$ cat protein.cif   # mmCIF, C-alpha atoms and all ligand atoms
data_data
#
loop_
_atom_site.label_atom_id
_atom_site.label_comp_id
_atom_site.auth_asym_id
_atom_site.auth_seq_id
_atom_site.Cartn_x
_atom_site.Cartn_y
_atom_site.Cartn_z
CA MET A 23 13.85 -21.58 -52.85
CA TYR A 24 17.41 -20.89 -53.85
CA PRO A 25 18.09 -18.51 -56.75
CA THR A 26 18.62 -20.05 -60.17
CA LEU A 27 20.56 -18.64 -63.11
CA PHE A 28 17.28 -17.47 -64.59
CA SER A 29 15.88 -15.71 -61.55
CA SER A 30 16.02 -11.93 -61.46
CA PHE A 31 18.26 -9.90 -59.16
CA ASP A 32 18.01 -6.30 -57.97
CA LEU A 33 21.43 -4.70 -58.28
CA GLY A 34 20.89 -1.23 -56.84
CA ARG A 35 18.59 0.63 -59.24
CA LEU A 36 18.90 -2.10 -61.86
CA THR A 37 16.75 -5.19 -62.11
CA LEU A 38 18.72 -7.92 -63.85
CA PRO A 39 16.40 -10.44 -65.53
CA ASN A 40 18.90 -13.26 -64.96
CA ARG A 41 22.04 -13.94 -62.89
CA MET A 42 24.34 -14.24 -65.91
CA VAL A 43 27.03 -11.57 -66.25
CA MET A 44 29.19 -11.25 -69.35
CA ALA A 45 32.77 -11.12 -68.02
CA PRO A 46 34.98 -8.23 -69.11
CA MET A 47 37.00 -9.31 -72.15
CA THR A 48 39.55 -7.33 -74.12
CA ARG A 49 38.87 -7.90 -77.82
CA SER A 50 41.06 -5.19 -79.40
CA ARG A 51 38.47 -4.03 -81.95
CA ALA A 52 38.80 -0.29 -81.33
CA ASP A 53 40.43 2.04 -83.88
CA GLN A 54 44.19 2.56 -83.90
CA ASP A 55 43.53 5.78 -81.97
CA HIS A 56 41.62 3.84 -79.27
CA THR A 57 38.13 5.04 -80.23
CA PRO A 58 35.30 2.46 -80.08
CA THR A 59 33.72 1.39 -83.37
CA ALA A 60 30.28 0.57 -84.78
CA LEU A 61 31.38 -3.08 -84.88
CA MET A 62 31.74 -2.99 -81.09
CA ALA A 63 28.18 -1.66 -80.76
CA GLU A 64 27.00 -4.60 -82.86
CA TYR A 65 28.97 -7.08 -80.68
CA TYR A 66 27.64 -5.83 -77.36
CA GLY A 67 24.12 -5.40 -78.79
CA GLN A 68 24.15 -9.06 -79.88
CA ARG A 69 24.79 -10.05 -76.26
CA ALA A 70 22.14 -7.83 -74.61
CA SER A 71 20.16 -10.73 -73.13
CA GLY A 72 22.74 -11.10 -70.36
CA GLY A 73 21.65 -9.96 -66.91
CA LEU A 74 24.57 -7.52 -66.96
CA LEU A 75 27.26 -7.03 -69.60
CA ILE A 76 30.68 -5.78 -68.52
CA THR A 77 32.78 -4.23 -71.27
CA GLU A 78 36.36 -5.09 -72.04
CA GLY A 79 38.94 -3.13 -70.07
CA VAL A 80 38.71 0.55 -71.13
CA ALA A 81 41.65 2.89 -70.59
CA PRO A 82 40.77 5.92 -68.45
CA THR A 83 43.82 7.85 -69.71
CA ALA A 84 46.41 7.59 -72.47
CA ASN A 85 48.98 6.31 -69.93
CA GLY A 86 46.59 3.48 -69.08
CA CYS A 87 46.26 2.31 -72.67
CA GLY A 88 49.02 -0.31 -72.96
CA TYR A 89 47.59 -2.79 -75.50
CA ALA A 90 47.03 -2.42 -79.22
CA ARG A 91 43.55 -1.28 -80.27
CA ILE A 92 42.00 -1.28 -76.81
CA PRO A 93 39.42 1.46 -76.36
CA GLY A 94 39.77 4.51 -74.14
CA ILE A 95 37.31 6.96 -72.62
CA TRP A 96 39.31 10.13 -72.00
CA SER A 97 38.18 12.16 -75.05
CA GLU A 98 34.83 13.54 -76.16
CA GLU A 99 35.06 11.56 -79.38
CA GLN A 100 35.56 8.30 -77.44
CA THR A 101 32.72 9.17 -75.06
CA ASP A 102 30.36 9.82 -77.99
CA ALA A 103 31.35 6.49 -79.56
CA TRP A 104 30.70 4.69 -76.26
CA ALA A 105 27.23 6.28 -76.16
CA GLN A 106 26.40 4.37 -79.37
CA ILE A 107 27.38 1.14 -77.58
CA ALA A 108 25.31 1.86 -74.46
CA ASP A 109 22.39 2.76 -76.74
CA ALA A 110 22.73 -0.48 -78.74
CA VAL A 111 22.52 -2.54 -75.53
CA HIS A 112 19.73 -0.50 -73.95
CA ALA A 113 17.69 -0.55 -77.18
CA LYS A 114 17.62 -4.34 -76.86
CA GLY A 115 16.57 -4.16 -73.21
CA GLY A 116 20.04 -4.84 -71.73
CA ARG A 117 22.23 -3.31 -69.02
CA ILE A 118 25.96 -2.55 -69.34
CA ALA A 119 28.85 -1.68 -67.04
CA MET A 120 32.17 -0.28 -68.25
CA GLN A 121 35.37 -1.80 -66.89
CA LEU A 122 38.00 0.90 -66.28
CA MET A 123 41.45 -0.61 -66.81
CA HIS A 124 44.69 1.32 -66.35
CA THR A 125 47.41 -0.99 -67.62
CA GLY A 126 50.27 0.65 -65.66
CA ARG A 127 53.48 -1.23 -66.44
CA VAL A 128 51.71 -3.67 -68.81
CA GLY A 129 52.15 -1.63 -71.98
CA HIS A 130 54.27 -0.80 -75.00
CA PRO A 131 54.76 2.67 -76.56
CA HIS A 132 53.86 1.26 -80.02
CA ASN A 133 50.39 0.47 -78.67
CA MET A 134 49.88 3.76 -76.86
CA PRO A 135 48.94 7.27 -77.97
CA GLU A 136 51.76 9.68 -78.80
CA GLY A 137 53.40 11.00 -75.61
CA ALA A 138 51.86 8.41 -73.27
CA ARG A 139 54.15 7.02 -70.58
CA ILE A 140 54.53 3.65 -68.89
CA LEU A 141 54.17 4.41 -65.20
CA ALA A 142 53.87 2.06 -62.24
CA PRO A 143 54.11 2.28 -58.44
CA SER A 144 57.78 1.30 -58.67
CA GLN A 145 60.38 0.90 -61.39
CA SER A 146 60.12 -2.57 -62.85
CA THR A 147 60.09 -4.52 -66.08
CA LEU A 148 57.72 -7.37 -66.87
CA SER A 149 59.23 -10.59 -68.16
CA GLY A 150 58.39 -11.73 -71.67
CA GLU A 151 57.03 -9.84 -74.64
CA MET A 152 53.98 -7.83 -75.60
CA TYR A 153 52.26 -7.86 -78.98
CA THR A 154 52.42 -4.67 -81.05
CA ASP A 155 50.78 -4.07 -84.45
CA GLU A 156 53.87 -2.25 -85.74
CA GLN A 157 56.58 -4.75 -84.89
CA GLY A 158 54.93 -7.89 -83.57
CA PRO A 159 56.00 -9.16 -80.12
CA GLN A 160 58.43 -6.83 -78.34
CA PRO A 161 60.14 -7.04 -74.94
CA TYR A 162 58.31 -5.06 -72.25
CA PRO A 163 59.90 -1.67 -71.66
CA ALA A 164 60.89 -0.62 -68.14
CA ALA A 165 58.17 1.20 -66.21
CA GLU A 166 59.02 4.47 -64.47
CA GLU A 167 58.11 5.02 -60.82
CA MET A 168 55.13 7.34 -60.41
CA GLU A 169 55.61 10.65 -58.68
CA GLU A 170 52.97 11.95 -56.26
CA ALA A 171 51.45 14.24 -58.91
CA GLU A 172 51.27 11.33 -61.34
CA ILE A 173 49.41 9.21 -58.80
CA GLN A 174 46.93 12.03 -58.27
CA ALA A 175 46.56 12.42 -62.03
CA ALA A 176 45.86 8.70 -62.41
CA ILE A 177 43.12 8.87 -59.74
CA ALA A 178 41.65 11.96 -61.41
CA GLY A 179 41.74 10.06 -64.70
CA PHE A 180 39.63 7.24 -63.26
CA VAL A 181 37.12 9.79 -61.95
CA GLN A 182 36.82 11.64 -65.26
CA ALA A 183 36.50 8.31 -67.09
CA GLY A 184 33.69 7.29 -64.72
CA LYS A 185 31.88 10.56 -65.35
CA ASN A 186 32.34 10.11 -69.09
CA ALA A 187 30.96 6.56 -68.91
CA ILE A 188 27.84 7.74 -67.06
CA GLU A 189 27.45 10.62 -69.52
CA ALA A 190 27.65 8.05 -72.34
CA GLY A 191 24.73 6.22 -70.73
CA PHE A 192 26.52 3.33 -68.99
CA ASP A 193 24.70 1.90 -65.98
CA LEU A 194 27.82 1.67 -63.82
CA VAL A 195 31.60 1.32 -63.91
CA GLU A 196 33.77 -1.53 -62.66
CA ILE A 197 37.27 -0.63 -61.46
CA HIS A 198 39.74 -3.21 -62.81
CA GLY A 199 41.61 -3.98 -59.62
CA ALA A 200 42.69 -7.44 -60.82
CA ASN A 201 45.16 -9.31 -63.01
CA GLY A 202 48.31 -7.28 -62.44
CA TYR A 203 47.18 -3.94 -63.89
CA LEU A 204 47.81 -0.60 -62.18
CA VAL A 205 45.44 -0.98 -59.19
CA ASP A 206 46.78 -4.50 -58.55
CA GLN A 207 50.36 -3.25 -59.04
CA PHE A 208 49.76 -0.96 -56.06
CA LEU A 209 48.22 -3.78 -54.00
CA SER A 210 51.01 -6.30 -54.57
CA PRO A 211 54.27 -5.99 -52.66
CA CYS A 212 56.21 -7.52 -55.57
CA THR A 213 55.32 -4.53 -57.78
CA ASN A 214 54.93 -1.87 -55.10
CA LEU A 215 58.28 -1.20 -53.39
CA ARG A 216 57.40 2.33 -52.30
CA ALA A 217 58.37 3.66 -48.89
CA ASP A 218 55.90 6.59 -48.91
CA ALA A 219 52.16 6.66 -48.08
CA TRP A 220 51.39 4.50 -51.15
CA GLY A 221 53.54 1.49 -50.22
CA GLY A 222 54.47 -0.79 -47.32
CA SER A 223 51.53 -1.71 -45.09
CA ILE A 224 48.27 -2.98 -46.60
CA GLU A 225 46.66 0.32 -45.60
CA ASN A 226 49.23 2.07 -47.80
CA ARG A 227 49.24 -0.43 -50.70
CA ALA A 228 45.42 -0.34 -50.80
CA ARG A 229 45.32 3.46 -50.65
CA PHE A 230 45.28 3.77 -54.45
CA ALA A 231 42.39 1.30 -54.90
CA LEU A 232 40.42 2.90 -52.09
CA GLN A 233 41.01 6.47 -53.26
CA VAL A 234 39.95 5.55 -56.80
CA ALA A 235 36.82 3.89 -55.40
CA GLN A 236 36.01 6.71 -52.94
CA SER A 237 36.57 9.43 -55.52
CA LEU A 238 34.37 7.66 -58.05
CA VAL A 239 31.66 7.18 -55.40
CA ALA A 240 31.77 10.91 -54.66
CA ALA A 241 31.56 11.74 -58.37
CA ILE A 242 28.89 9.34 -59.67
CA GLY A 243 27.37 7.55 -56.65
CA ALA A 244 28.11 4.27 -54.86
CA ASP A 245 25.42 2.37 -56.76
CA LYS A 246 27.33 3.09 -59.99
CA VAL A 247 30.77 1.91 -58.83
CA ALA A 248 31.98 -1.68 -58.55
CA ILE A 249 35.37 -3.42 -58.43
CA ARG A 250 37.06 -6.58 -59.70
CA LEU A 251 39.87 -8.20 -57.69
CA SER A 252 42.03 -11.30 -58.20
CA PRO A 253 43.14 -12.63 -54.81
CA GLY A 254 46.03 -15.06 -55.31
CA GLY A 255 46.29 -14.13 -58.99
CA VAL A 256 49.62 -14.54 -60.79
CA PHE A 257 48.86 -12.96 -64.18
CA ASN A 258 51.34 -10.29 -65.38
CA ASP A 259 54.09 -11.50 -63.02
CA ILE A 260 52.18 -10.91 -59.79
CA GLN A 261 53.61 -13.09 -57.03
CA PRO A 262 51.63 -14.27 -54.02
CA TRP A 263 52.80 -12.97 -50.63
CA PRO A 264 52.43 -14.43 -47.14
CA GLU A 265 49.81 -11.97 -45.83
CA GLN A 266 47.74 -11.81 -49.01
CA GLU A 267 44.68 -13.52 -47.57
CA ASP A 268 44.43 -11.10 -44.66
CA ASP A 269 45.18 -8.20 -47.00
CA PHE A 270 42.43 -9.06 -49.48
CA VAL A 271 39.88 -9.70 -46.73
CA TRP A 272 40.74 -6.35 -45.13
CA LEU A 273 40.42 -4.60 -48.50
CA ALA A 274 37.04 -6.27 -49.16
CA GLY A 275 35.84 -4.92 -45.81
CA GLU A 276 36.98 -1.38 -46.62
CA LEU A 277 35.31 -1.57 -50.04
CA GLY A 278 32.15 -2.86 -48.36
CA LYS A 279 32.05 0.28 -46.19
CA LEU A 280 31.78 2.30 -49.40
CA GLU A 281 28.66 0.30 -50.32
CA LEU A 282 29.85 -0.36 -53.85
CA ALA A 283 27.41 -1.96 -56.31
CA TYR A 284 29.27 -5.28 -56.27
CA LEU A 285 32.55 -7.10 -55.75
CA HIS A 286 33.67 -9.27 -58.68
CA LEU A 287 36.23 -12.00 -58.03
CA VAL A 288 38.59 -13.49 -60.62
CA ASP A 289 39.56 -17.16 -60.55
CA HIS A 290 41.79 -18.20 -63.44
CA SER A 291 42.35 -21.78 -62.31
CA ALA A 292 40.26 -22.98 -65.30
CA MET A 293 42.86 -21.21 -67.47
CA GLY A 294 45.78 -23.02 -65.86
CA ALA A 295 46.57 -20.54 -63.05
CA PRO A 296 46.94 -21.74 -59.46
CA PRO A 297 43.56 -21.75 -57.66
CA PRO A 298 42.97 -18.85 -55.25
CA PRO A 299 43.77 -19.71 -51.62
CA GLU A 300 41.14 -22.00 -50.07
CA GLY A 301 38.30 -20.11 -48.49
CA ILE A 302 39.44 -16.64 -49.57
CA LYS A 303 36.42 -15.96 -51.80
CA GLN A 304 33.95 -16.66 -49.01
CA ALA A 305 36.01 -14.71 -46.48
CA MET A 306 36.01 -11.72 -48.85
CA ARG A 307 32.27 -12.21 -49.42
CA ARG A 308 31.60 -11.98 -45.69
CA ALA A 309 33.84 -8.94 -45.29
CA PHE A 310 32.38 -7.08 -48.27
CA ASP A 311 28.77 -7.84 -47.30
CA GLY A 312 27.27 -6.81 -50.67
CA PRO A 313 26.52 -8.49 -54.01
CA LEU A 314 29.28 -10.84 -55.18
CA ILE A 315 30.01 -11.89 -58.77
CA LEU A 316 31.81 -15.22 -59.12
CA SER A 317 33.77 -15.98 -62.29
CA GLY A 318 36.12 -18.44 -63.91
CA GLY A 319 35.45 -21.67 -65.78
CA TYR A 320 31.71 -21.78 -65.17
CA ASN A 321 29.08 -23.60 -67.20
CA ALA A 322 25.32 -23.62 -66.55
CA GLN A 323 25.52 -26.57 -64.13
CA SER A 324 28.42 -25.32 -62.01
CA ALA A 325 26.91 -21.82 -61.92
CA GLU A 326 23.56 -23.18 -60.72
CA ALA A 327 25.34 -25.24 -58.08
CA ASP A 328 27.31 -22.27 -56.69
CA LEU A 329 24.24 -20.02 -56.68
CA ALA A 330 22.28 -22.76 -54.89
CA ALA A 331 25.10 -23.07 -52.35
CA GLY A 332 24.86 -19.33 -51.70
CA LYS A 333 28.45 -18.65 -52.79
CA GLY A 334 27.50 -15.50 -54.74
CA GLU A 335 24.59 -13.56 -56.19
CA LEU A 336 25.75 -13.51 -59.82
CA VAL A 337 28.04 -15.56 -62.08
CA ALA A 338 30.18 -14.17 -64.89
CA PHE A 339 30.92 -16.14 -68.04
CA GLY A 340 33.80 -15.21 -70.34
CA ARG A 341 34.90 -17.48 -73.18
CA PRO A 342 31.46 -19.13 -73.69
CA TRP A 343 30.01 -15.67 -74.36
CA ILE A 344 32.63 -14.88 -77.03
CA SER A 345 31.28 -17.64 -79.24
CA ASN A 346 27.61 -17.64 -78.15
CA PRO A 347 25.92 -14.24 -78.40
CA ASP A 348 22.70 -15.80 -77.09
CA LEU A 349 24.34 -17.67 -74.19
CA PRO A 350 21.41 -17.26 -71.71
CA GLU A 351 18.92 -18.61 -74.26
CA ARG A 352 21.22 -21.53 -75.06
CA TYR A 353 21.70 -22.44 -71.41
CA GLN A 354 17.96 -22.19 -70.81
CA ALA A 355 17.20 -24.39 -73.84
CA GLU A 356 20.09 -26.74 -72.94
CA SER A 357 21.23 -26.23 -76.52
CA PRO A 358 24.79 -27.05 -77.72
CA LEU A 359 27.35 -24.23 -77.71
CA ASN A 360 29.60 -22.87 -80.48
CA ASP A 361 33.31 -23.30 -79.66
CA PRO A 362 35.40 -20.12 -79.35
CA ASP A 363 38.18 -19.59 -81.90
CA PHE A 364 41.18 -18.50 -79.85
CA SER A 365 43.05 -17.25 -82.94
CA THR A 366 40.59 -14.35 -83.37
CA PHE A 367 40.31 -13.23 -79.73
CA TYR A 368 42.36 -10.06 -80.34
CA THR A 369 42.45 -9.65 -84.14
CA PRO A 370 40.80 -6.70 -85.88
CA GLY A 371 37.53 -7.09 -87.77
CA ALA A 372 34.26 -9.00 -87.63
CA LYS A 373 35.74 -12.49 -87.97
CA GLY A 374 35.50 -14.31 -84.65
CA TYR A 375 33.77 -11.27 -83.16
CA THR A 376 30.29 -10.56 -84.51
CA ASP A 377 29.93 -13.60 -86.80
CA TYR A 378 29.15 -16.35 -84.25
CA PRO A 379 25.61 -17.58 -84.96
CA SER A 380 22.70 -17.47 -82.55
CA MET A 381 20.41 -20.51 -82.23
CA GLY A 382 17.93 -21.25 -84.98
C1 LIG B 401 39.93 -12.84 -74.66
C2 LIG B 401 39.90 -12.53 -73.19
C3 LIG B 401 40.07 -11.21 -72.78
C4 LIG B 401 39.99 -10.88 -71.42
N1 LIG B 401 40.09 -9.57 -71.04
C5 LIG B 401 39.83 -9.20 -69.76
C6 LIG B 401 39.70 -7.82 -69.40
O1 LIG B 401 39.80 -6.91 -70.22
N2 LIG B 401 39.45 -7.55 -68.08
C7 LIG B 401 39.30 -8.54 -67.14
O2 LIG B 401 39.06 -8.25 -65.96
N3 LIG B 401 39.41 -9.86 -67.46
C8 LIG B 401 39.63 -10.20 -68.75
N4 LIG B 401 39.63 -11.53 -69.10
C9 LIG B 401 39.33 -12.56 -68.09
C10 LIG B 401 37.84 -12.91 -68.11
O3 LIG B 401 37.06 -11.83 -67.64
C11 LIG B 401 37.52 -14.15 -67.23
O4 LIG B 401 37.93 -13.89 -65.91
C12 LIG B 401 38.20 -15.40 -67.75
O5 LIG B 401 37.98 -15.55 -69.14
C13 LIG B 401 37.72 -16.66 -67.03
O6 LIG B 401 36.34 -16.85 -67.25
P1 LIG B 401 35.80 -17.99 -68.28
O7 LIG B 401 36.38 -19.29 -67.81
O8 LIG B 401 34.31 -17.93 -68.14
O9 LIG B 401 36.28 -17.61 -69.66
C14 LIG B 401 39.76 -11.90 -70.45
C15 LIG B 401 39.62 -13.22 -70.87
C16 LIG B 401 39.67 -13.54 -72.22
C17 LIG B 401 39.46 -14.97 -72.65
#

$ encode --input "protein.cif" --output "structure tokens" --more "lines below"
Ligand SMILES: Cc1cc2nc3c(=O)[nH]c(=O)nc-3n(C[C@H](O)[C@H](O)[C@H](O)COP(=O)(O)O)c2cc1C
Amino acid sequence: MYPTLFSSFDLGRLTLPNRMVMAPMTRSRADQDHTPTALMAEYYGQRASGGLLITEGVAPTANGCGYARIPGIWSEEQTDAWAQIADAVHAKGGRIAMQLMHTGRVGHPHNMPEGARILAPSQSTLSGEMYTDEQGPQPYPAAEEMEEAEIQAAIAGFVQAGKNAIEAGFDLVEIHGANGYLVDQFLSPCTNLRADAWGGSIENRARFALQVAQSLVAAIGADKVAIRLSPGGVFNDIQPWPEQEDDFVWLAGELGKLELAYLHLVDHSAMGAPPPPEGIKQAMRRAFDGPLILSGGYNAQSAEADLAAGKGELVAFGRPWISNPDLPERYQAESPLNDPDFSTFYTPGAKGYTDYPSMG
């Protein structure tokens, strides 16, 4: 018998009642000062029937908080507010992971707390513009190259954020190592031009990801630490490089040695991005040798097919879950879905956030 979407799965200490994971999605509903709100507790609570929910990207430090109204978890006030969210999900019988996202060079001072800085492995400037509440779209500012002490501070920030998330009652944390944010900026030779121990060879470019993962494992336990990666991804100006397949497979093997809770792979080809290199997901799966979450453009049928083919243990769904709080029940009942309203993905307030109807 192959696993179906509605079979349970033991993820470390957690028993997931189904194989459906809510993908991490930034929704920009936190306060201006990056503190989570009661509305966010309602949103995640509405979606508690998922096997595992993953929060939107949460900034571990003020420097990692590049977008408008994204939440952080560096202060006591933020941690207390997150506890309300974990409670809302647990009260409904759910399980929730927090995605830790340091935006690195993908930020604008108007979006960030007073005094925060835009730091990256190397000096660089993203092309295009970033939305700000104060002045609308603005050109990306230049990122400053991180000094050794700043790299250490960023790692320490991830660790403290992980401890705060566990203190708030989260079941585990997922390191956002994908989509051109800080961890990925270290991995990618187009954004990491360093000549010291943090740049050059894959061992050096992966040092940041691995030290964040190792330090979190030491602080909160391997069963509470996971990672998301985007092999072949091009979001936020990341450019593919000739050795990327070997690099990502090597990294997956090193992460596997840490016995992390899971590896979560991004595939944005359903969103118009180039598909990841042929075979890379399965090569990373073999190297990691632990639970794998697939994601990107899935519906119930394609998820069932990939689970049946043994391509992964779990499948994450993004956009369908924005507009269908009861997505597992709908898939199980083969009921029609509500369409997501793209215009309210990142706007403040309940509209397009907590007002999508459940069945019946
Ligand atoms: C509104 C929105 C916000 C997103 N924010 C994040 C994020 O914070 N972290 C992340 O890793 N991926 C983020 N993603 C990517 C999703 O996790 C997922 O990979 C993508 O939506 C493809 O899956 P889907 O086809 O099921 O929607 C976001 C996607 C959307 C639509």

$ residues_around --input "protein.cif" --residues "Ala305 (chain A)" --least-positions-apart "2" --cutoff "12 Å" --atoms "only C-alpha atoms" --output "list of chain:residue names"
A:Pro253, A:Glu267, A:Asp268, A:Asp269, A:Phe270, A:Val271, A:Trp272, A:Leu273, A:Ala274, A:Gly275, A:Leu287, A:Pro298, A:Pro299, A:Glu300, A:Gly301, A:Ile302, A:Lys303, A:Arg307, A:Arg308, A:Ala309, A:Phe310, A:Asp311, A:Leu314, A:Lys333, A:Gly334

$ residues_near_ligand --input "protein.cif" --ligand "ligand LIG 401 (chain B)" --cutoff "8 Å" --atoms "all atoms listed in the file" --output "VMD selection string"
chain A and resid 45 to 49 77 to 80 121 123 198 200 to 201 250 288 to 290 292 to 293 317 to 321 338 to 344 364 367 to 368

$ write_last_selection --input "protein.cif" --atoms "C-alpha atoms" --output "CSV table (one decimal), in the frame of the given file"
chain,number,residue,atom,x,y,z
A,45,ALA,CA,32.8,-11.1,-68.0
A,46,PRO,CA,35.0,-8.2,-69.1
A,47,MET,CA,37.0,-9.3,-72.2
A,48,THR,CA,39.6,-7.3,-74.1
A,49,ARG,CA,38.9,-7.9,-77.8
A,77,THR,CA,32.8,-4.2,-71.3
A,78,GLU,CA,36.4,-5.1,-72.0
A,79,GLY,CA,38.9,-3.1,-70.1
A,80,VAL,CA,38.7,0.6,-71.1
A,121,GLN,CA,35.4,-1.8,-66.9
A,123,MET,CA,41.4,-0.6,-66.8
A,198,HIS,CA,39.7,-3.2,-62.8
A,200,ALA,CA,42.7,-7.4,-60.8
A,201,ASN,CA,45.2,-9.3,-63.0
A,250,ARG,CA,37.1,-6.6,-59.7
A,288,VAL,CA,38.6,-13.5,-60.6
A,289,ASP,CA,39.6,-17.2,-60.6
A,290,HIS,CA,41.8,-18.2,-63.4
A,292,ALA,CA,40.3,-23.0,-65.3
A,293,MET,CA,42.9,-21.2,-67.5
A,317,SER,CA,33.8,-16.0,-62.3
A,318,GLY,CA,36.1,-18.4,-63.9
A,319,GLY,CA,35.4,-21.7,-65.8
A,320,TYR,CA,31.7,-21.8,-65.2
A,321,ASN,CA,29.1,-23.6,-67.2
A,338,ALA,CA,30.2,-14.2,-64.9
A,339,PHE,CA,30.9,-16.1,-68.0
A,340,GLY,CA,33.8,-15.2,-70.3
A,341,ARG,CA,34.9,-17.5,-73.2
A,342,PRO,CA,31.5,-19.1,-73.7
A,343,TRP,CA,30.0,-15.7,-74.4
A,344,ILE,CA,32.6,-14.9,-77.0
A,364,PHE,CA,41.2,-18.5,-79.8
A,367,PHE,CA,40.3,-13.2,-79.7
A,368,TYR,CA,42.4,-10.1,-80.3

$ closest_residue --input "protein.cif" --among "A:Ile249, A:Ala52, A:Ala331, A:Ala63" --to "Gly312 (chain A)" --atoms "all atoms listed in the file"
A:Ile249

$ closest_residue --input "protein.cif" --among "A:Leu148, A:Cys212, A:Leu316, A:Ala164" --to "Pro264 (chain A)" --atoms "all atoms listed in the file"
A:Cys212

$ closest_residue --input "protein.cif" --among "A:Pro379, A:Gly116, A:Pro58, A:Gly202" --to "Pro93 (chain A)" --atoms "all atoms listed in the file"
A:Pro58

$ closest_residue --input "protein.cif" --among "A:Pro313, A:Pro161, A:Pro350, A:Pro358" --to "Asn40 (chain A)" --atoms "only C-alpha atoms"
A:Pro350

$ build_atoms --input "protein.cif" --residues "region 345-357 of chain A" --atoms "N, CA, C and O atoms" --output "PDB file, keeping the file's coordinate frame"
ATOM      1  N   SER A 345      31.739 -16.860 -78.078  1.00  0.00           N
ATOM      2  CA  SER A 345      31.280 -17.640 -79.240  1.00  0.00           C
ATOM      3  C   SER A 345      29.770 -17.890 -79.243  1.00  0.00           C
ATOM      4  O   SER A 345      29.258 -18.487 -80.197  1.00  0.00           O
ATOM      5  N   ASN A 346      29.064 -17.426 -78.202  1.00  0.00           N
ATOM      6  CA  ASN A 346      27.610 -17.640 -78.150  1.00  0.00           C
ATOM      7  C   ASN A 346      26.922 -16.339 -77.736  1.00  0.00           C
ATOM      8  O   ASN A 346      26.734 -16.080 -76.544  1.00  0.00           O
ATOM      9  N   PRO A 347      26.541 -15.529 -78.739  1.00  0.00           N
ATOM     10  CA  PRO A 347      25.920 -14.240 -78.400  1.00  0.00           C
ATOM     11  C   PRO A 347      24.639 -14.416 -77.596  1.00  0.00           C
ATOM     12  O   PRO A 347      24.309 -13.552 -76.791  1.00  0.00           O
ATOM     13  N   ASP A 348      23.961 -15.540 -77.792  1.00  0.00           N
ATOM     14  CA  ASP A 348      22.700 -15.800 -77.090  1.00  0.00           C
ATOM     15  C   ASP A 348      22.915 -16.832 -75.966  1.00  0.00           C
ATOM     16  O   ASP A 348      22.103 -17.743 -75.784  1.00  0.00           O
ATOM     17  N   LEU A 349      23.991 -16.667 -75.214  1.00  0.00           N
ATOM     18  CA  LEU A 349      24.340 -17.670 -74.190  1.00  0.00           C
ATOM     19  C   LEU A 349      23.205 -17.954 -73.197  1.00  0.00           C
ATOM     20  O   LEU A 349      22.926 -19.123 -72.909  1.00  0.00           O
ATOM     21  N   PRO A 350      22.503 -16.938 -72.651  1.00  0.00           N
ATOM     22  CA  PRO A 350      21.410 -17.260 -71.710  1.00  0.00           C
ATOM     23  C   PRO A 350      20.328 -18.135 -72.357  1.00  0.00           C
ATOM     24  O   PRO A 350      19.881 -19.115 -71.749  1.00  0.00           O
ATOM     25  N   GLU A 351      19.947 -17.814 -73.575  1.00  0.00           N
ATOM     26  CA  GLU A 351      18.920 -18.610 -74.260  1.00  0.00           C
ATOM     27  C   GLU A 351      19.414 -20.037 -74.478  1.00  0.00           C
ATOM     28  O   GLU A 351      18.659 -21.001 -74.334  1.00  0.00           O
ATOM     29  N   ARG A 352      20.675 -20.181 -74.827  1.00  0.00           N
ATOM     30  CA  ARG A 352      21.220 -21.530 -75.060  1.00  0.00           C
ATOM     31  C   ARG A 352      21.240 -22.344 -73.769  1.00  0.00           C
ATOM     32  O   ARG A 352      20.904 -23.519 -73.773  1.00  0.00           O
ATOM     33  N   TYR A 353      21.670 -21.715 -72.679  1.00  0.00           N
ATOM     34  CA  TYR A 353      21.700 -22.440 -71.410  1.00  0.00           C
ATOM     35  C   TYR A 353      20.271 -22.833 -71.007  1.00  0.00           C
ATOM     36  O   TYR A 353      20.038 -23.945 -70.548  1.00  0.00           O
ATOM     37  N   GLN A 354      19.327 -21.909 -71.209  1.00  0.00           N
ATOM     38  CA  GLN A 354      17.960 -22.190 -70.810  1.00  0.00           C
ATOM     39  C   GLN A 354      17.367 -23.324 -71.652  1.00  0.00           C
ATOM     40  O   GLN A 354      16.643 -24.172 -71.138  1.00  0.00           O
ATOM     41  N   ALA A 355      17.718 -23.350 -72.939  1.00  0.00           N
ATOM     42  CA  ALA A 355      17.200 -24.390 -73.840  1.00  0.00           C
ATOM     43  C   ALA A 355      18.053 -25.660 -73.793  1.00  0.00           C
ATOM     44  O   ALA A 355      17.755 -26.624 -74.490  1.00  0.00           O
ATOM     45  N   GLU A 356      19.123 -25.629 -72.994  1.00  0.00           N
ATOM     46  CA  GLU A 356      20.090 -26.740 -72.940  1.00  0.00           C
ATOM     47  C   GLU A 356      20.550 -27.108 -74.361  1.00  0.00           C
ATOM     48  O   GLU A 356      20.663 -28.276 -74.732  1.00  0.00           O
ATOM     49  N   SER A 357      20.836 -26.069 -75.115  1.00  0.00           N
ATOM     50  CA  SER A 357      21.230 -26.230 -76.520  1.00  0.00           C
ATOM     51  C   SER A 357      22.763 -26.290 -76.606  1.00  0.00           C
ATOM     52  O   SER A 357      23.453 -25.705 -75.773  1.00  0.00           O
TER      53      SER A 357
END
